Amino acid sequence: MSTFFTSTNNSSFNVSLIWFGTAVSVAEIMTGTFLAPLGMKDGFLAILVGHVIGGIILYLAGIIGANKRCSASESINLSFGKLGSVSFSLLNTIQLIGWTSIMTIIGAQAFNKLMASLWNMGENIILWTIIIGLFPCIWIFSTMDFVSKINKVVMLCLLLASLYLGFGAVVSANEVVTSLDESMSFGMAVELNIAMCLSWMPVISDYTRTLKNQSTGTLSCVVAYCFGSILMYTIGLGSAVHYGITDICDIFMLSGLGVISLVVILLSTVTTNFITINSSSICLNHISNQLDVKYTAFFVCIISTLLAIFLSMEQYETFLYFIAATFASLFAIAFSEYFFSHNIYHQNSFITGKNCLLWLIGFIAYELLIDYSTFIGITVPVMLAIAIINIFVNQLIGAKKFSLNKRY
């Protein structure tokens, strides 16, 4: 299967840079502002707890792809059969296009308001949406050496700007929001952090499968992502708590970065969208290997940009929870079969009814229980329950087959 990443840039360092860039986004800063009702101390604790849990889950997803040398879609094929894998690819493509559109919307809105504030420019939201939405095409149609070199420069700039933003948000003002709001429990805050990590779970194998060093390379990717994500969440939380604001543009204006803030928004949005666009094209290529990965990526770029023009951000938080509900039980089944039931694979099956039923049960359970989140969120309990049930059922099936073979 073709992809943007070749042997020239599949070192742990290069891929880790890409994953750090994935985390550095205005969407993650915005999500961090949602935690402000907890206050700085509890909010930061929720960020750490959520990213430790989410990072572990993300690593498990990545190591399967690294060890089996397969993409996310192909790894799902191991547990859900051919039709199940194709269904996952379609579902993943839809959510990745949606995720790309959301990133583009947030970036364009922030870019539009900052341009108006800095240079008194009028309303040009559609223009900035088109520019930010199509900018990843430079990465798509460039050589790998160019992408690798420019990524290093971009990530260094984003890291320095992010550290500056984080320092200003946390230490430069008095705490404004100090009380716990009933609208955001600690468990729900943890779940928002886990959900963000889970949103990248159907993507990570597309990159870890080419790593030269599977275990340490996958770990470095996860650590790079979690470090960047924790930083972004902390910037959002700190800004909301200390300044009493949640608007991304106001956060950048108070930072004093000026024009640099425009560069940060543009580059951070593009680097994140590049990941989702690339994985979307890989999913489409998995459905039909007759498709050219670069042209399918360009097609995804066009579609997500058009959607960004017409979609709104009102359901952003709900979208994150939907992703978690969709992929938590799906990967719980994949983990339990790969790490525990080593002899049970279904890549030659058309579809695995038992696993599809378990996935549906897990999805419904997550949606029903989300308002009753535990101290560590709802993802872990749901994933553990589905994994344990699947292991138990697999053992029963294995014992029954052994009994029948012994009888005959």
# chains A, B, ... in the order shown; residues from 1 in each chain; ligands from 1
>>> residues_around(residues="stretch 92-107 of chain A", least_positions_apart="5", cutoff="6 Å", atoms="only C-alpha atoms", output="PyMOL selection string")
chain A and resi 133+273+276+280+304+308
>>> residues_around(residues="A:Cys70", least_positions_apart="5", cutoff="9 Å", atoms="only C-alpha atoms", output="ChimeraX atom specification")
/A:64-65,75,205-206,208-210
>>> write_last_selection(atoms="C-alpha atoms", output="PDB file, in the first residue's frame")
ATOM      1  CA  ILE A  64      -0.102  -3.696  16.905  1.00  0.00           C
ATOM      2  CA  GLY A  65       0.530  -1.851  13.660  1.00  0.00           C
ATOM      3  CA  SER A  75      -5.085  -4.357  11.983  1.00  0.00           C
ATOM      4  CA  SER A 205      -0.775   2.407  13.129  1.00  0.00           C
ATOM      5  CA  ASP A 206      -0.582   4.138   9.752  1.00  0.00           C
ATOM      6  CA  THR A 208       4.129   3.124  13.438  1.00  0.00           C
ATOM      7  CA  ARG A 209       3.958   0.323  10.847  1.00  0.00           C
ATOM      8  CA  THR A 210       6.996   1.801   9.036  1.00  0.00           C
TER       9      THR A 210
END
>>> closest_residue(among="A:Phe80, A:Tyr59, A:Trp119, A:Trp19", to="A:Gly353", atoms="only C-alpha atoms")
A:Phe80
>>> closest_residue(among="A:Asn120, A:Ser11, A:Asn355, A:Thr31", to="A:Ala240", atoms="only C-alpha atoms")
A:Thr31
>>> closest_residue(among="A:Trp128, A:Thr246, A:Ser73, A:Ala110", to="A:Leu90", atoms="only C-alpha atoms")
A:Ser73
>>> residues_around(residues="A:Glu191", least_positions_apart="3", cutoff="10 Å", atoms="only C-alpha atoms", output="PyMOL selection string")
chain A and resi 46-47+49-51+53-54+185-188+194-197+320-321+324+370+373-380
>>> write_last_selection(atoms="C-alpha atoms", output="PDB file, in the first residue's frame")
ATOM      1  CA  ALA A  46      -7.312  15.699  35.158  1.00  0.00           C
ATOM      2  CA  ILE A  47      -5.067  16.488  32.180  1.00  0.00           C
ATOM      3  CA  VAL A  49      -4.549  11.389  34.508  1.00  0.00           C
ATOM      4  CA  GLY A  50      -6.399  11.514  31.179  1.00  0.00           C
ATOM      5  CA  HIS A  51      -3.223  11.586  29.115  1.00  0.00           C
ATOM      6  CA  ILE A  53      -4.625   6.569  30.414  1.00  0.00           C
ATOM      7  CA  GLY A  54      -5.096   7.782  26.846  1.00  0.00           C
ATOM      8  CA  SER A 185     -16.985  16.787  37.037  1.00  0.00           C
ATOM      9  CA  PHE A 186     -13.437  15.512  37.446  1.00  0.00           C
ATOM     10  CA  GLY A 187     -14.360  12.266  35.687  1.00  0.00           C
ATOM     11  CA  MET A 188     -15.825  14.132  32.716  1.00  0.00           C
ATOM     12  CA  ILE A 194      -8.868  10.409  27.007  1.00  0.00           C
ATOM     13  CA  ALA A 195     -11.294  11.120  24.161  1.00  0.00           C
ATOM     14  CA  MET A 196      -8.738  13.323  22.429  1.00  0.00           C
ATOM     15  CA  CYS A 197      -6.136  10.545  22.623  1.00  0.00           C
ATOM     16  CA  LEU A 320     -15.232  13.946  20.692  1.00  0.00           C
ATOM     17  CA  TYR A 321     -17.414  11.702  22.851  1.00  0.00           C
ATOM     18  CA  ALA A 324     -14.561   7.678  21.933  1.00  0.00           C
ATOM     19  CA  ILE A 370     -21.297   8.878  29.729  1.00  0.00           C
ATOM     20  CA  SER A 373     -18.544   8.936  34.503  1.00  0.00           C
ATOM     21  CA  THR A 374     -16.193   7.459  37.122  1.00  0.00           C
ATOM     22  CA  PHE A 375     -13.137   9.162  38.607  1.00  0.00           C
ATOM     23  CA  ILE A 376     -11.104   7.934  35.621  1.00  0.00           C
ATOM     24  CA  GLY A 377     -13.802   8.551  33.034  1.00  0.00           C
ATOM     25  CA  ILE A 378     -15.972   5.959  31.293  1.00  0.00           C
ATOM     26  CA  THR A 379     -13.607   4.759  28.540  1.00  0.00           C
ATOM     27  CA  VAL A 380     -11.517   2.471  30.751  1.00  0.00           C
TER      28      VAL A 380
END
>>> closest_residue(among="A:Leu369, A:Lys149, A:Ile130, A:Asn67", to="A:Ile303", atoms="only C-alpha atoms")
A:Ile130
>>> closest_residue(among="A:Ser79, A:Asp247, A:Ile29, A:Leu198", to="A:Asn390", atoms="only C-alpha atoms")
A:Ser79
>>> closest_residue(among="A:Arg69, A:Lys113, A:Lys82, A:Lys41", to="A:Ile287", atoms="only C-alpha atoms")
A:Lys82
>>> residues_around(residues="A:Gly43", least_positions_apart="5", cutoff="9 Å", atoms="only C-alpha atoms", output="list in words")
Gly32, Leu35, Ala36, Pro37, Leu38, Leu48, Phe186, Ala189, Val190, Thr234 and Leu237 of chain A
>>> write_last_selection(atoms="N, CA, C and O atoms", output="compact mmCIF listing (two decimals), in the first residue's frame")
# COMPACT_ATOMS: atom_id res chain seq x y z
N GLY A 32 -8.93 22.39 26.21
CA GLY A 32 -8.40 22.65 27.54
C GLY A 32 -9.19 23.71 28.30
O GLY A 32 -9.29 23.64 29.53
N LEU A 35 -12.03 22.72 30.78
CA LEU A 35 -11.72 22.19 32.11
C LEU A 35 -11.63 23.29 33.17
O LEU A 35 -11.42 23.00 34.34
N ALA A 36 -11.78 24.56 32.78
CA ALA A 36 -11.61 25.68 33.68
C ALA A 36 -12.48 25.62 34.95
O ALA A 36 -12.03 26.04 36.02
N PRO A 37 -13.73 25.12 34.89
CA PRO A 37 -14.54 25.06 36.12
C PRO A 37 -13.90 24.26 37.25
O PRO A 37 -14.25 24.45 38.41
N LEU A 38 -12.94 23.39 36.93
CA LEU A 38 -12.27 22.61 37.97
C LEU A 38 -11.22 23.42 38.71
O LEU A 38 -10.77 23.01 39.79
N LEU A 48 -3.30 15.31 33.38
CA LEU A 48 -2.27 14.29 33.54
C LEU A 48 -2.87 12.88 33.58
O LEU A 48 -2.39 11.97 32.89
N PHE A 186 -14.81 15.93 37.69
CA PHE A 186 -13.44 15.51 37.45
C PHE A 186 -13.39 14.35 36.45
O PHE A 186 -12.54 14.32 35.56
N ALA A 189 -13.88 15.57 32.99
CA ALA A 189 -12.67 16.25 32.53
C ALA A 189 -11.62 15.23 32.08
O ALA A 189 -10.97 15.40 31.05
N VAL A 190 -11.45 14.17 32.86
CA VAL A 190 -10.52 13.10 32.48
C VAL A 190 -10.95 12.49 31.15
O VAL A 190 -10.13 12.22 30.27
N THR A 234 -2.98 22.54 28.81
CA THR A 234 -2.58 23.42 29.92
C THR A 234 -2.67 24.88 29.53
O THR A 234 -3.07 25.73 30.33
N LEU A 237 -6.43 25.59 29.60
CA LEU A 237 -6.87 25.63 31.00
C LEU A 237 -6.34 26.86 31.71
O LEU A 237 -7.10 27.59 32.37
>>> select_by_dssp(residues="stretch 52-224 of chain A", states="alpha helix (DSSP H)", output="PyMOL selection string")
chain A and resi 52-68+72-119+125-134+137-140+144-171+186-198+205-208+214-224
>>> atom_distance(atom1="atom CA of A:Glu314", atom2="atom CA of A:Phe111")
18.6 Å
>>> atom_distance(atom1="atom CA of A:Thr216", atom2="atom CA of A:Asn77")
24.8 Å
>>> residues_around(residues="stretch 294-298 of chain A", least_positions_apart="4", cutoff="10 Å", atoms="only C-alpha atoms", output="list in words")
Ser2, Thr3, Phe4, Leu134, Pro136, Cys137, Ile140, Phe141, Phe274, Thr276, Ile277, Asn278, Ser279, Ser280, Ser281, Ile282, Cys283, Leu284, Asn285, Ile302, Ile303 and Ser304 of chain A
>>> residues_around(residues="stretch 13-18 of chain A", least_positions_apart="3", cutoff="9 Å", atoms="only C-alpha atoms", output="list in words")
Asn9, Asn10, Gly21, Thr22, Ala23, Ser148, Asn151, Lys152, Met155, Tyr207, Thr208, Leu211, Gly217, Thr218, Ser220, Cys221, Val222, Val223, Ala224, Tyr225, Thr271, Thr272 and Ile275 of chain A
>>> atom_distance(atom1="atom CA of A:Gly55", atom2="atom CA of A:Ala108")
28.8 Å
